[in-house]
Structures are given as C-alpha cells and as structure tokens.
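S.K.: My file is start_27.txt. It has compact mmCIF, C-alpha atoms:
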# COMPACT_ATOMS: atom_id res chain seq x y z
CA MET A 681 136.24 85.72 71.24
CA ARG A 682 138.03 88.84 69.98
CA PHE A 683 134.86 90.05 68.25
CA LEU A 684 132.86 89.53 71.47
CA ILE A 685 135.34 91.64 73.44
CA ILE A 686 135.19 94.42 70.83
CA PHE A 687 131.37 94.29 70.87
CA LEU A 688 131.27 94.58 74.67
CA MET A 689 133.73 97.47 74.58
CA LEU A 690 131.57 99.32 72.05
CA CYS A 691 128.49 98.73 74.23
CA PHE A 692 130.35 100.13 77.24
CA VAL A 693 131.40 103.23 75.29
CA SER A 694 127.81 103.69 74.09
CA LEU A 695 126.44 103.43 77.64
CA GLU A 696 129.02 105.92 78.87
CA ALA A 697 128.01 108.36 76.12
CA GLN A 698 124.35 107.97 77.02
CA ASP A 699 125.09 108.60 80.69
CA THR A 700 127.02 111.77 79.84
CA ASP A 701 124.24 113.04 77.59
CA ARG A 702 121.68 112.43 80.33
CA LYS A 703 123.37 114.68 82.87
CA ILE A 704 121.46 117.95 83.23
CA GLN A 705 123.58 120.96 82.36
CA PHE A 706 123.03 124.64 83.10
CA PRO A 707 125.75 127.30 83.26
CA ASP A 708 126.74 129.05 86.47
CA ILE A 709 125.48 132.61 86.80
CA GLU A 710 127.55 135.61 87.82
CA GLY A 711 128.67 135.19 91.42
CA TYR A 712 126.94 131.83 91.96
CA LYS A 713 127.04 128.17 91.05
CA SER A 714 123.87 126.80 89.43
CA LEU A 715 123.29 123.71 91.56
CA LYS A 716 120.82 121.10 90.33
CA CYS A 717 118.66 119.82 93.17
CA ASP A 718 115.63 117.62 93.75
CA LEU A 719 114.29 118.30 97.24
CA HIS A 720 111.20 116.07 97.36
CA ILE A 721 111.87 112.35 96.90
CA HIS A 722 110.41 109.15 98.40
CA THR A 723 111.58 105.57 99.01
CA VAL A 724 110.06 102.46 100.59
CA PHE A 725 110.68 104.09 103.96
CA SER A 726 107.40 105.93 103.34
CA ASP A 727 105.21 105.45 100.25
CA GLY A 728 107.91 105.18 97.57
CA HIS A 729 108.63 102.01 95.59
CA VAL A 730 112.43 101.78 95.66
CA TRP A 731 115.28 101.39 98.14
CA PRO A 732 117.32 104.57 98.87
CA ASN A 733 120.31 103.45 96.78
CA ILE A 734 118.16 103.75 93.63
CA ARG A 735 117.58 107.43 94.39
CA ILE A 736 121.33 107.93 94.64
CA ASP A 737 121.93 106.15 91.32
CA GLU A 738 119.25 108.21 89.54
CA ALA A 739 120.63 111.47 90.89
CA LEU A 740 124.15 110.59 89.78
CA LYS A 741 122.96 109.66 86.29
CA ASP A 742 121.11 112.99 86.05
CA GLY A 743 124.15 114.95 87.23
CA LEU A 744 122.40 116.38 90.29
CA ASP A 745 124.30 118.21 93.00
CA ALA A 746 121.93 117.63 95.93
CA ILE A 747 118.83 115.64 96.84
CA SER A 748 116.64 115.18 99.90
CA LEU A 749 114.78 111.99 100.76
CA THR A 750 111.66 113.50 102.30
CA GLU A 751 109.76 110.54 103.71
CA HIS A 752 106.28 111.01 105.13
CA ILE A 753 106.70 110.87 108.89
CA GLU A 754 103.00 110.10 109.53
CA TYR A 755 102.16 108.02 106.45
CA GLN A 756 103.87 104.59 106.42
CA PRO A 757 101.91 102.26 104.08
CA TRP A 758 104.57 99.51 104.00
CA LYS A 759 105.09 99.31 107.78
CA GLU A 760 103.94 95.68 108.00
CA ASP A 761 106.76 94.69 105.64
CA ILE A 762 109.28 97.43 106.49
CA PRO A 763 108.83 98.49 110.13
CA ASN A 764 110.31 101.98 110.38
CA PRO A 765 110.37 103.25 113.96
CA ASP A 766 113.26 105.60 113.16
CA ARG A 767 112.16 108.19 110.59
CA ASN A 768 115.81 109.15 109.97
CA ARG A 769 116.73 105.75 108.55
CA SER A 770 116.41 106.48 104.80
CA TYR A 771 118.58 109.59 105.21
CA GLU A 772 121.26 107.59 107.05
CA LEU A 773 121.28 104.92 104.35
CA ALA A 774 121.41 107.52 101.55
CA LYS A 775 124.34 109.29 103.22
CA GLU A 776 126.21 106.01 103.32
CA TYR A 777 125.43 105.15 99.68
CA ALA A 778 126.48 108.63 98.51
CA LYS A 779 129.69 108.73 100.54
CA ALA A 780 131.90 107.85 97.56
CA HIS A 781 130.23 110.43 95.27
CA ASP A 782 130.05 114.19 94.94
CA LEU A 783 126.35 114.29 95.85
CA ILE A 784 124.95 116.22 98.81
CA ILE A 785 122.25 114.45 100.82
CA ILE A 786 120.08 116.91 102.73
CA HIS A 787 118.24 115.62 105.78
CA GLY A 788 114.53 116.14 105.24
CA ALA A 789 111.05 114.85 106.04
CA GLU A 790 107.47 115.44 104.90
CA ILE A 791 104.89 116.65 107.42
CA THR A 792 101.67 115.03 106.15
CA ARG A 793 98.29 116.44 107.20
CA ASN A 794 94.84 117.07 105.77
CA LEU A 795 93.69 120.50 104.68
CA PRO A 796 93.93 123.27 105.58
CA VAL A 797 97.46 122.26 106.66
CA GLY A 798 98.26 119.95 103.74
CA HIS A 799 101.78 118.62 103.18
CA ALA A 800 105.10 120.37 103.75
CA ASN A 801 108.75 119.41 103.52
CA ALA A 802 111.22 120.35 106.23
CA LEU A 803 114.86 120.40 105.05
CA PHE A 804 118.13 120.58 107.03
CA ILE A 805 116.53 118.95 110.06
CA SER A 806 118.48 117.13 112.77
CA ASP A 807 115.86 114.55 113.84
CA ALA A 808 112.74 113.62 111.90
CA ASN A 809 111.32 111.70 114.87
CA LYS A 810 110.82 114.93 116.79
CA LEU A 811 108.46 116.19 114.07
CA MET A 812 105.93 113.45 114.90
CA ILE A 813 103.72 115.83 116.84
CA GLU A 814 99.93 115.71 116.69
CA ASP A 815 99.42 119.47 116.62
CA ALA A 816 100.41 120.81 113.18
CA GLU A 817 101.58 124.20 114.45
CA GLU A 818 103.81 122.53 116.98
CA ALA A 819 105.30 120.33 114.26
CA TYR A 820 106.15 123.44 112.22
CA THR A 821 107.58 125.05 115.36
CA GLU A 822 109.79 122.02 115.99
CA ALA A 823 111.03 122.22 112.38
CA ARG A 824 111.90 125.89 112.94
CA ASN A 825 113.68 125.00 116.19
CA GLN A 826 115.83 122.58 114.20
CA GLY A 827 116.74 125.37 111.77
CA ALA A 828 114.68 123.86 108.97
CA PHE A 829 113.75 125.41 105.65
CA VAL A 830 110.05 124.51 105.21
CA PHE A 831 108.11 124.56 101.96
CA TRP A 832 104.46 123.86 101.13
CA ASN A 833 104.06 120.83 98.87
CA HIS A 834 101.82 120.58 95.78
CA PRO A 835 99.34 123.33 96.81
CA ASN A 836 97.41 122.64 93.59
CA TRP A 837 96.97 118.89 94.24
CA VAL A 838 93.49 117.85 93.07
CA ASN A 839 93.14 115.40 95.96
CA GLN A 840 92.93 118.49 98.16
CA GLU A 841 91.98 121.31 95.78
CA LYS A 842 89.32 119.91 93.45
CA ASP A 843 89.71 122.72 90.90
CA GLY A 844 93.53 122.47 90.90
CA ILE A 845 93.85 126.11 91.99
CA PRO A 846 95.84 126.66 95.20
CA GLN A 847 94.41 128.78 97.99
CA LEU A 848 96.50 130.48 100.66
CA SER A 849 94.73 129.42 103.86
CA GLU A 850 94.75 131.23 107.19
CA PHE A 851 97.03 128.48 108.49
CA HIS A 852 99.61 129.12 105.77
CA LYS A 853 99.39 132.89 106.26
CA LYS A 854 100.12 132.37 109.95
CA MET A 855 103.07 130.08 109.18
CA ILE A 856 104.52 132.66 106.76
CA GLN A 857 104.10 135.54 109.21
CA SER A 858 105.72 133.55 112.03
CA ASN A 859 108.70 132.47 109.88
CA ARG A 860 107.67 128.81 109.91
CA LEU A 861 107.00 128.55 106.16
CA HIS A 862 109.61 129.70 103.65
CA GLY A 863 108.85 128.23 100.22
CA LEU A 864 106.16 126.79 97.96
CA GLU A 865 106.12 124.23 95.15
CA ALA A 866 105.15 125.79 91.84
CA VAL A 867 106.20 122.49 90.24
CA ASN A 868 105.45 119.03 91.64
CA ASP A 869 105.86 115.79 89.70
CA ILE A 870 103.96 116.26 86.41
CA THR A 871 102.07 119.42 87.39
CA TYR A 872 102.87 123.13 87.30
CA SER A 873 100.76 125.90 88.81
CA GLU A 874 101.09 129.51 87.69
CA GLU A 875 98.82 130.45 90.59
CA ALA A 876 101.28 128.84 93.01
CA LEU A 877 104.14 130.76 91.39
CA GLN A 878 102.26 134.02 91.87
CA ILE A 879 101.49 133.17 95.51
CA ALA A 880 105.22 132.64 96.05
CA ILE A 881 106.07 135.96 94.41
CA ASP A 882 103.37 137.88 96.29
CA ASN A 883 104.39 136.45 99.68
CA ASN A 884 108.17 136.49 99.21
CA LEU A 885 108.38 132.68 99.33
CA THR A 886 111.10 130.66 97.64
CA VAL A 887 109.96 129.05 94.38
CA ILE A 888 110.38 125.28 94.56
CA GLY A 889 110.16 122.60 91.85
CA THR A 890 110.51 118.89 92.59
CA SER A 891 109.95 115.44 91.15
CA ASP A 892 108.13 114.10 94.25
CA ILE A 893 109.18 110.78 92.76
CA HIS A 894 107.68 107.56 94.13
CA GLY A 895 108.42 105.13 91.29
CA LEU A 896 111.31 105.33 88.83
CA ILE A 897 112.56 108.64 87.42
CA ASP A 898 113.09 107.07 83.96
CA TRP A 899 109.51 105.85 83.69
CA GLN A 900 107.69 108.74 85.30
CA PHE A 901 109.39 111.43 83.22
CA GLU A 902 109.93 109.38 80.02
CA LEU A 903 113.66 109.97 79.81
CA ALA A 904 114.04 107.52 76.93
CA GLU A 905 111.65 109.69 74.89
CA GLY A 906 113.61 112.88 75.57
CA GLY A 907 111.97 113.98 78.82
CA HIS A 908 113.73 115.22 81.92
CA ARG A 909 113.05 115.18 85.63
CA PRO A 910 111.82 118.42 87.22
CA ILE A 911 114.57 120.10 89.23
CA ASN A 912 115.31 123.16 91.30
CA LEU A 913 118.21 125.28 90.19
CA VAL A 914 119.64 126.69 93.42
CA PHE A 915 122.08 129.57 93.02
CA ALA A 916 124.63 129.05 95.77
CA VAL A 917 128.01 130.62 96.45
CA ASP A 918 129.60 127.19 96.49
CA LYS A 919 128.64 123.53 96.43
CA THR A 920 128.07 122.93 100.13
CA GLU A 921 125.01 122.11 102.20
CA ALA A 922 125.39 125.37 104.13
CA SER A 923 125.49 127.40 100.91
CA ILE A 924 122.40 125.63 99.55
CA LYS A 925 120.56 126.36 102.79
CA GLU A 926 121.50 130.04 102.60
CA ALA A 927 120.36 130.23 98.97
CA LEU A 928 117.00 128.60 99.70
CA PHE A 929 116.24 130.94 102.59
CA ALA A 930 117.22 133.86 100.33
CA GLY A 931 114.96 132.69 97.49
CA LYS A 932 117.74 132.20 94.93
CA THR A 933 116.05 129.52 92.82
CA LEU A 934 114.41 128.61 89.54
CA CYS A 935 112.52 125.49 88.46
CA TRP A 936 112.98 123.52 85.24
CA PHE A 937 109.88 121.56 84.22
CA GLN A 938 109.00 120.09 80.81
CA ASN A 939 111.48 122.51 79.17
CA ILE A 940 109.93 125.49 80.99
CA LEU A 941 112.02 127.64 83.32
CA ILE A 942 109.96 129.08 86.17
CA GLY A 943 110.81 131.57 88.89
CA LYS A 944 111.43 135.12 89.98
CA GLU A 945 112.60 137.69 87.45
CA GLN A 946 115.98 138.48 89.06
CA TRP A 947 117.21 134.90 88.86
CA MET A 948 115.60 134.25 85.49
CA ASN A 949 117.42 137.20 83.95
CA ALA A 950 120.70 136.04 85.44
CA LEU A 951 120.29 132.52 84.03
CA LEU A 952 119.23 133.77 80.58
CA ASP A 953 122.26 136.05 80.45
CA ALA A 954 124.51 133.08 81.27
CA SER A 955 122.71 130.65 78.97
CA ILE A 956 122.40 132.66 75.73
CA SER A 957 125.41 134.45 74.28
CA TYR A 958 125.47 136.77 71.27
CA LYS A 959 128.10 137.48 68.62
CA ARG A 960 127.99 140.11 65.90
CA LYS A 961 129.44 138.85 62.61
CA GLY A 962 128.97 141.97 60.50
CA MET A 963 127.15 143.01 57.35
CA ILE A 964 126.74 140.42 54.61
CA GLY A 965 128.76 141.62 51.60
CA PRO A 966 127.66 145.04 50.30
CA SER A 967 124.16 144.63 51.78
CA SER A 968 122.56 146.24 54.84
CA ILE A 969 121.77 142.80 56.26
CA LEU A 970 123.51 142.21 59.59
CA GLU A 971 124.51 138.67 60.52
CA ILE A 972 124.65 137.65 64.17
CA SER A 973 124.81 134.35 66.04
CA LEU A 974 123.13 133.17 69.23
CA THR A 975 124.59 130.29 71.25
CA ASN A 976 122.72 128.26 73.87
CA HIS A 977 124.93 126.98 76.72
CA SER A 978 122.16 125.11 78.56
CA ASP A 979 119.95 122.02 78.35
CA ALA A 980 116.83 124.15 77.84
CA ARG A 981 115.40 124.52 74.34
CA PHE A 982 114.64 128.23 74.25
CA ILE A 983 111.60 129.46 72.35
CA LEU A 984 112.20 133.08 71.37
CA LYS A 985 109.58 135.45 69.97
CA ASN A 986 110.93 138.55 68.27
CA ASN A 987 109.47 141.69 69.84
CA SER A 988 111.88 144.18 68.22
CA PRO A 989 111.18 146.41 65.17
CA PHE A 990 113.44 144.20 63.03
CA ASP A 991 112.53 141.50 60.53
CA PHE A 992 114.79 138.63 59.56
CA TYR A 993 116.01 137.69 56.11
CA LYS A 994 115.65 133.92 56.57
CA ASN A 995 113.77 133.40 59.83
CA ALA A 996 110.28 134.06 61.10
CA ASP A 997 109.62 135.86 64.37
CA LEU A 998 109.43 132.61 66.34
CA ILE A 999 112.84 131.02 66.80
CA GLU A 1000 113.86 127.82 68.59
CA LEU A 1001 117.35 127.72 70.05
CA GLU A 1002 118.22 124.08 70.66
CA PRO A 1003 120.32 123.01 73.68
CA HIS A 1004 124.07 123.52 73.29
CA SER A 1005 123.75 124.85 69.76
CA THR A 1006 124.40 127.99 67.71
CA ILE A 1007 122.13 129.62 65.16
CA SER A 1008 122.73 132.51 62.75
CA LEU A 1009 120.21 135.30 62.20
CA ASN A 1010 120.23 137.77 59.30
CA ILE A 1011 118.68 141.08 60.35
CA LEU A 1012 117.12 143.55 57.90
CA THR A 1013 118.57 146.71 59.42
CA ASP A 1014 116.95 149.07 56.88
CA ARG A 1015 113.59 148.34 58.50
CA VAL A 1016 114.52 150.97 61.11
CA GLU A 1017 115.99 154.44 60.77
CA GLY A 1018 118.83 155.99 62.73
CA ALA A 1019 120.81 154.12 65.39
CA LEU A 1020 120.11 150.42 65.72
CA PRO A 1021 117.90 149.60 68.72
CA PRO A 1022 118.53 146.39 70.67
CA LEU A 1023 117.35 143.09 69.25
CA SER A 1024 114.85 141.82 71.82
CA PHE A 1025 112.90 138.61 72.36
CA ASP A 1026 110.22 137.31 74.67
CA VAL A 1027 111.38 133.96 76.03
CA LEU A 1028 108.18 131.94 75.82
CA ASN A 1029 109.45 129.09 78.00
CA ALA A 1030 110.75 131.36 80.76
CA VAL A 1031 107.89 132.25 83.14
CA ILE A 1032 108.34 134.96 85.79
CA GLY A 1033 104.75 135.46 86.94
CA PHE A 1034 101.14 134.67 86.18
CA LYS A 1035 100.90 134.76 82.36
CA GLU A 1036 104.19 136.70 82.26
CA ASN A 1037 107.33 135.77 80.35
CA ALA A 1038 110.90 136.91 80.67
CA SER A 1039 112.62 138.81 77.87
CA ILE A 1040 116.19 139.15 76.67
CA GLN A 1041 117.88 141.69 74.42
CA PHE A 1042 121.17 142.17 72.59
CA ASP A 1043 122.96 145.39 71.65
CA LEU A 1044 123.58 145.31 67.91
CA GLY A 1045 126.08 148.15 67.91
CA ARG A 1046 126.52 150.54 64.98
CA ARG A 1047 125.38 149.96 61.43
As structure tokens, how would this structure be written, given the file I've shared?

M.R.:
Amino acid sequence: MRFLIIFLMLCFVSLEAQDTDRKIQFPDIEGYKSLKCDLHIHTVFSDGHVWPNIRIDEALKDGLDAISLTEHIEYQPWKEDIPNPDRNRSYELAKEYAKAHDLIIIHGAEITRNLPVGHANALFISDANKLMIEDAEEAYTEARNQGAFVFWNHPNWVNQEKDGIPQLSEFHKKMIQSNRLHGLEAVNDITYSEEALQIAIDNNLTVIGTSDIHGLIDWQFELAEGGHRPINLVFAVDKTEASIKEALFAGKTLCWFQNILIGKEQWMNALLDASISYKRKGMIGPSSILEISLTNHSDARFILKNNSPFDFYKNADLIELEPHSTISLNILTDRVEGALPPLSFDVLNAVIGFKENASIQFDLGRR
C-alpha cells in the first residue's frame, strides 16, 4: 500500500510538472503586459465538438489570459440535438466555469456569410442575438453599435479563395472606411498568410492570430509532439477586459504560430528586446576573441542569421536560440578595423511584412 501511495504521488508531481511546462510564456514588454489570448474558438453551441468547460480547461493548461467563444450565429449544425435559441448561452456558461480562475472570457460571436462578406468575429458585444440580421452591412453596424471590435476571419480560406490568396473586396474596403472592420486574421488554425499580414499593415488593421479550434487543442496542434496552439499576444496596460479592448483597437498585437512570430514592426521590436538579452563577458585570455552570451526569456525558438561583418570562432552564421536558454558566442573582432560595430542578426522566425523579417542588434562596446 505504501508503494502505491508513493507511486501515485510521483505521478501527480509528474503531471504538475507537465502542466507547468505546457503554459505558454512570453515576457512583458516595456510599459505593457504581454497577454496571451485566443479570440476565435468554437463549442457545440455552433459547429465545435466540445462543451464550453473544455475550452476553459485547455486555456488554463496553456496559461492563457483571455479567450472568446465565438460561435457562429447563423450556422448551427447540431440544433436538432442542442437547440440554441439564445446565441449568448456558450458565453454565459464559460463565464460561470471560469469564475474561480484568473481567465478573462470576452463576449464574442461569428458573423457567418458567403463571399464577398465571408466570416468575421465581433468581440466585446453585449447581445449576440441582435447580430442575427439578414443584411450583412446592418449586422456589422449592430456590432459597431454594441462597441464591438470586429475582425475578418481566415481571408485566405480555400473554401472561399481557391488559390489561398486573400483579396480585399469592395465590401471589406467599405467596412474599414466606415469603422466597422478593425482587424484581420493573418493566422487561422493551421494556416498563415503573408498576404493577409500585408493587407493588415497596408490598411492599418490589427493583426490577429487564432486557433479557430473546433476539436481538441491537444490533437489539432500536436502538443504531445512539441507543438503549440496559435495565439495572439496582446500588449495591454493591465490584465483587464477593458485594457485588452483598448489594445486591440490600437493594433498592439503579435501572433505566434508554429514557432513564428508575426506582426507589425513596432511590437515585434519591443518583444524581441524583452525576449533576448545580451551580456558581454570580455576577451578570452590574451586573444582578440570577444565572448558574449545571449539569453532567451521566451517560449519561441529564435533562428538568428548573422548579418554583421563579424565571424564566430565556434559558430556558423545561423544560430538557434532555444526557449529559456543561454548560449555563448565567441566573436573574431580582428575581422573589422577601428571601433566595434554592433552585432546584428536577422530573426528568421519574426515576420514583419511580406517576405520581410525583423532584425536585432547588440552594442559590443570597446575592444
């Protein structure tokens, strides 16, 4: 009996360790908290396959700060088994399930139409039932009247765009110009669109990345094999629904998808500065070889390509900086004359535009 108790205790400790390791971690940036959000999620109250409590459990295991259950208001495939006359019901259940936890539940819904309208999520709404309007423009207007933040879902979806390349329609242009459309998904589920990212940048839309999960997070994103769910990093003043709303309207976001960070340059630079720290260790013995260290404070595995005039003593120009780890680099300083220029890298898994990567640099100081 004693051995059984010890075995069960060890299993419990192991499960606790796994749960801690699974939680997504990114550092706060200067002046803001880096909140981890998934703002496009489904349950059986539209076309999802799980009850709302499962979405709460998954979010807690992943260490998320906020989620939104964005059920299709028009598309209800399980209505014969789960009649759903009140489109607010999944939100109300989720709020109740999350009451004992530090997880923000944002009231949302998905407006579901054929092209050229397509699908859009409305967040921070007060009543999803009032969005059930036949005319698409009127539905967007009602969302605006409720103070909603509205974003265009999966603009590259092959069910609507056969070539997988999103097109900004006249409808979407009108919604942007009339302040009825505020964001766009560059990441949805298992797809990422650089064209969608560029549309967001060109039209001053907030960059959104979501799981759009219908089944189970663990299965869809292969968490047991080292995968992770797509998330939005929302840079908010504090962890409140009001602060998240302000940040979304202001475009203070990045996406994390298959180890790629995606978003606008300002917020990418801020996150890279917070995520990668540098320390100068000094010259090695009597040599002119400078030793430095780089530390990664995030869950991203950074892929750095040296674009400086320096060579390294032990490393090649392509360097991988694993999550929550430190590496040492030995720099051949005699490769350059005069004062030492900064050590600079292209960050190959940090995308800030169509075929454009972010960069980061470190001041090496004097010889």

S.K.: Find the residues around Thr871 of chain A up to 12 Å (all atoms listed in the file counted), leave out those fewer than 4 positions away in its own chain, and share them as a list of chain:residue names.

M.R.: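 Returned residues: A:Asn833, A:His834, A:Pro835, A:Asn836, A:Trp837, A:Val838, A:Gly844, A:Ile845, A:Glu865, A:Ala866, A:Val867, A:Glu875, A:Ala876, A:Gly889, A:Thr890, A:Ser891, A:Asp892, A:Phe901, A:Arg909, A:Pro910, A:Trp936, A:Phe937, A:Gln938, A:Ile940.
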
S.K.: Write out as a ChimeraX atom specification the residues lying within 7 Å of segment 733-739 of chain A, counting all atoms listed in the file and excluding same-chain residues fewer than 4 positions away.

M.R.: /A:743-744,774,777-778

S.K.: Tell me which of A:Thr792, A:Asn987, A:Pro732, A:Arg860 sits closest to Glu818 of chain A, counting only C-alpha atoms.

M.R.: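 Of the candidates, the smallest distance to Glu818 of chain A is held by A:Arg860.
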
S.K.: Using only C-alpha atoms, find the one residue out of A:Ile870, A:Ile1032, A:Leu951, A:Ala880 that sits nearest to Ile897 of chain A.

M.R.: A:Ile870

S.K.: Let me make sure I understand: among A:Arg1047, A:His720, A:Lys932, A:Arg981, which one has the smallest atom-to-atom distance to Val1027 of chain A if we use all atoms listed in the file?

M.R.: A:Arg981

S.K.: From the set A:Lys944, A:Lys842, A:Lys779, A:His752, which residue has the shortest atom-to-atom contact distance to Asn884 of chain A, counting all atoms listed in the file?

M.R.: A:Lys944

S.K.: Hey, which of A:His862, A:His1004, A:Lys810, A:Lys775 ends up closest to Ala823 of chain A? Count only C-alpha atoms.

M.R.: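 When distances to Ala823 of chain A are compared using only C-alpha atoms, the smallest one comes from A:Lys810.
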
S.K.: Report, in Å to a single decimal, how far apart atom CA of Ala954 of chain A and atom CA of Thr975 of chain A are.

M.R.: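 Those two atoms sit 10.4 Å apart.
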
S.K.: Identify the residues around (113.0, 138.1, 92.7) within a radius of 8 Å, measuring from all atoms listed in the file in the coordinates stated by the file, and give them as a PyMOL selection string.

M.R.: chain A and resi 881+931-932+943-947

S.K.: Keeping C-alpha atoms, export the residues of the selection given above as a PDB file, in the coordinates of the input.

M.R.:
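Full text of out01.pdb as output:
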ATOM      1  CA  ILE A 881     106.070 135.960  94.410  1.00  0.00           C
ATOM      2  CA  GLY A 931     114.960 132.690  97.490  1.00  0.00           C
ATOM      3  CA  LYS A 932     117.740 132.200  94.930  1.00  0.00           C
ATOM      4  CA  GLY A 943     110.810 131.570  88.890  1.00  0.00           C
ATOM      5  CA  LYS A 944     111.430 135.120  89.980  1.00  0.00           C
ATOM      6  CA  GLU A 945     112.600 137.690  87.450  1.00  0.00           C
ATOM      7  CA  GLN A 946     115.980 138.480  89.060  1.00  0.00           C
ATOM      8  CA  TRP A 947     117.210 134.900  88.860  1.00  0.00           C
TER       9      TRP A 947
END

S.K.: Kindly indicate which residue among A:Ala980, A:Lys994, A:Asn1010, A:Leu1044 lies nearest to Leu1028 of chain A, using only C-alpha atoms for the distances.

M.R.: A:Ala980

S.K.: Calculate how many Å separate atom CA of Pro1021 of chain A from atom CA of Leu970 of chain A, rounding to one decimal.

M.R.: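 Rounded to one decimal, the two atoms are 13.0 Å apart.
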
S.K.: Give as a list in words the set of residues within 6 Å of the point (105.0, 116.3, 104.6), where distances use the file's coordinates and only C-alpha atoms.

M.R.: His752, Glu790, Ile791, Thr792, His799, Ala800 and Asn801 of chain A

S.K.: One decimal, in Å: what's the spacing between atom CA of Ile942 of chain A and atom CA of Asp718 of chain A?

M.R.: 14.9 Å

S.K.: Could you write segment 942-962 of chain A as a PDB file, in the frame of the given file, with N, CA and C atoms rebuilt where they are missing?

M.R.:
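Result file result_11.pdb:
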ATOM      1  N   ILE A 942     110.992 128.428  85.373  1.00  0.00           N
ATOM      2  CA  ILE A 942     109.960 129.080  86.170  1.00  0.00           C
ATOM      3  C   ILE A 942     110.598 129.688  87.405  1.00  0.00           C
ATOM      4  N   GLY A 943     110.288 130.964  87.669  1.00  0.00           N
ATOM      5  CA  GLY A 943     110.810 131.570  88.890  1.00  0.00           C
ATOM      6  C   GLY A 943     110.774 133.067  88.861  1.00  0.00           C
ATOM      7  N   LYS A 944     111.443 133.669  89.822  1.00  0.00           N
ATOM      8  CA  LYS A 944     111.430 135.120  89.980  1.00  0.00           C
ATOM      9  C   LYS A 944     112.339 135.780  88.954  1.00  0.00           C
ATOM     10  N   GLU A 945     111.976 136.997  88.574  1.00  0.00           N
ATOM     11  CA  GLU A 945     112.600 137.690  87.450  1.00  0.00           C
ATOM     12  C   GLU A 945     114.105 137.870  87.640  1.00  0.00           C
ATOM     13  N   GLN A 946     114.555 138.232  88.825  1.00  0.00           N
ATOM     14  CA  GLN A 946     115.980 138.480  89.060  1.00  0.00           C
ATOM     15  C   GLN A 946     116.828 137.277  88.673  1.00  0.00           C
ATOM     16  N   TRP A 947     116.407 136.103  89.104  1.00  0.00           N
ATOM     17  CA  TRP A 947     117.210 134.900  88.860  1.00  0.00           C
ATOM     18  C   TRP A 947     117.001 134.375  87.454  1.00  0.00           C
ATOM     19  N   MET A 948     115.822 134.617  86.886  1.00  0.00           N
ATOM     20  CA  MET A 948     115.600 134.250  85.490  1.00  0.00           C
ATOM     21  C   MET A 948     116.498 135.053  84.573  1.00  0.00           C
ATOM     22  N   ASN A 949     116.568 136.358  84.795  1.00  0.00           N
ATOM     23  CA  ASN A 949     117.420 137.200  83.950  1.00  0.00           C
ATOM     24  C   ASN A 949     118.872 136.781  84.044  1.00  0.00           C
ATOM     25  N   ALA A 950     119.315 136.454  85.263  1.00  0.00           N
ATOM     26  CA  ALA A 950     120.700 136.040  85.440  1.00  0.00           C
ATOM     27  C   ALA A 950     120.993 134.741  84.683  1.00  0.00           C
ATOM     28  N   LEU A 951     120.052 133.787  84.726  1.00  0.00           N
ATOM     29  CA  LEU A 951     120.290 132.520  84.030  1.00  0.00           C
ATOM     30  C   LEU A 951     120.229 132.709  82.519  1.00  0.00           C
ATOM     31  N   LEU A 952     119.301 133.525  82.027  1.00  0.00           N
ATOM     32  CA  LEU A 952     119.230 133.770  80.580  1.00  0.00           C
ATOM     33  C   LEU A 952     120.498 134.433  80.079  1.00  0.00           C
ATOM     34  N   ASP A 953     121.019 135.388  80.850  1.00  0.00           N
ATOM     35  CA  ASP A 953     122.260 136.050  80.450  1.00  0.00           C
ATOM     36  C   ASP A 953     123.421 135.059  80.365  1.00  0.00           C
ATOM     37  N   ALA A 954     123.439 134.072  81.279  1.00  0.00           N
ATOM     38  CA  ALA A 954     124.510 133.080  81.270  1.00  0.00           C
ATOM     39  C   ALA A 954     124.290 132.005  80.204  1.00  0.00           C
ATOM     40  N   SER A 955     123.040 131.771  79.861  1.00  0.00           N
ATOM     41  CA  SER A 955     122.710 130.650  78.970  1.00  0.00           C
ATOM     42  C   SER A 955     122.772 131.013  77.485  1.00  0.00           C
ATOM     43  N   ILE A 956     122.462 132.271  77.138  1.00  0.00           N
ATOM     44  CA  ILE A 956     122.400 132.660  75.730  1.00  0.00           C
ATOM     45  C   ILE A 956     123.422 133.758  75.469  1.00  0.00           C
ATOM     46  N   SER A 957     124.395 133.453  74.639  1.00  0.00           N
ATOM     47  CA  SER A 957     125.410 134.450  74.280  1.00  0.00           C
ATOM     48  C   SER A 957     125.211 134.907  72.836  1.00  0.00           C
ATOM     49  N   TYR A 958     125.698 136.102  72.563  1.00  0.00           N
ATOM     50  CA  TYR A 958     125.470 136.770  71.270  1.00  0.00           C
ATOM     51  C   TYR A 958     126.805 137.162  70.662  1.00  0.00           C
ATOM     52  N   LYS A 959     126.894 137.038  69.330  1.00  0.00           N
ATOM     53  CA  LYS A 959     128.100 137.480  68.620  1.00  0.00           C
ATOM     54  C   LYS A 959     127.687 138.190  67.337  1.00  0.00           C
ATOM     55  N   ARG A 960     128.246 139.369  67.131  1.00  0.00           N
ATOM     56  CA  ARG A 960     127.990 140.110  65.900  1.00  0.00           C
ATOM     57  C   ARG A 960     129.028 139.681  64.865  1.00  0.00           C
ATOM     58  N   LYS A 961     128.540 139.294  63.669  1.00  0.00           N
ATOM     59  CA  LYS A 961     129.440 138.850  62.610  1.00  0.00           C
ATOM     60  C   LYS A 961     129.677 139.910  61.550  1.00  0.00           C
ATOM     61  N   GLY A 962     128.798 140.895  61.456  1.00  0.00           N
ATOM     62  CA  GLY A 962     128.970 141.970  60.500  1.00  0.00           C
ATOM     63  C   GLY A 962     127.983 141.908  59.346  1.00  0.00           C
TER      64      GLY A 962
END
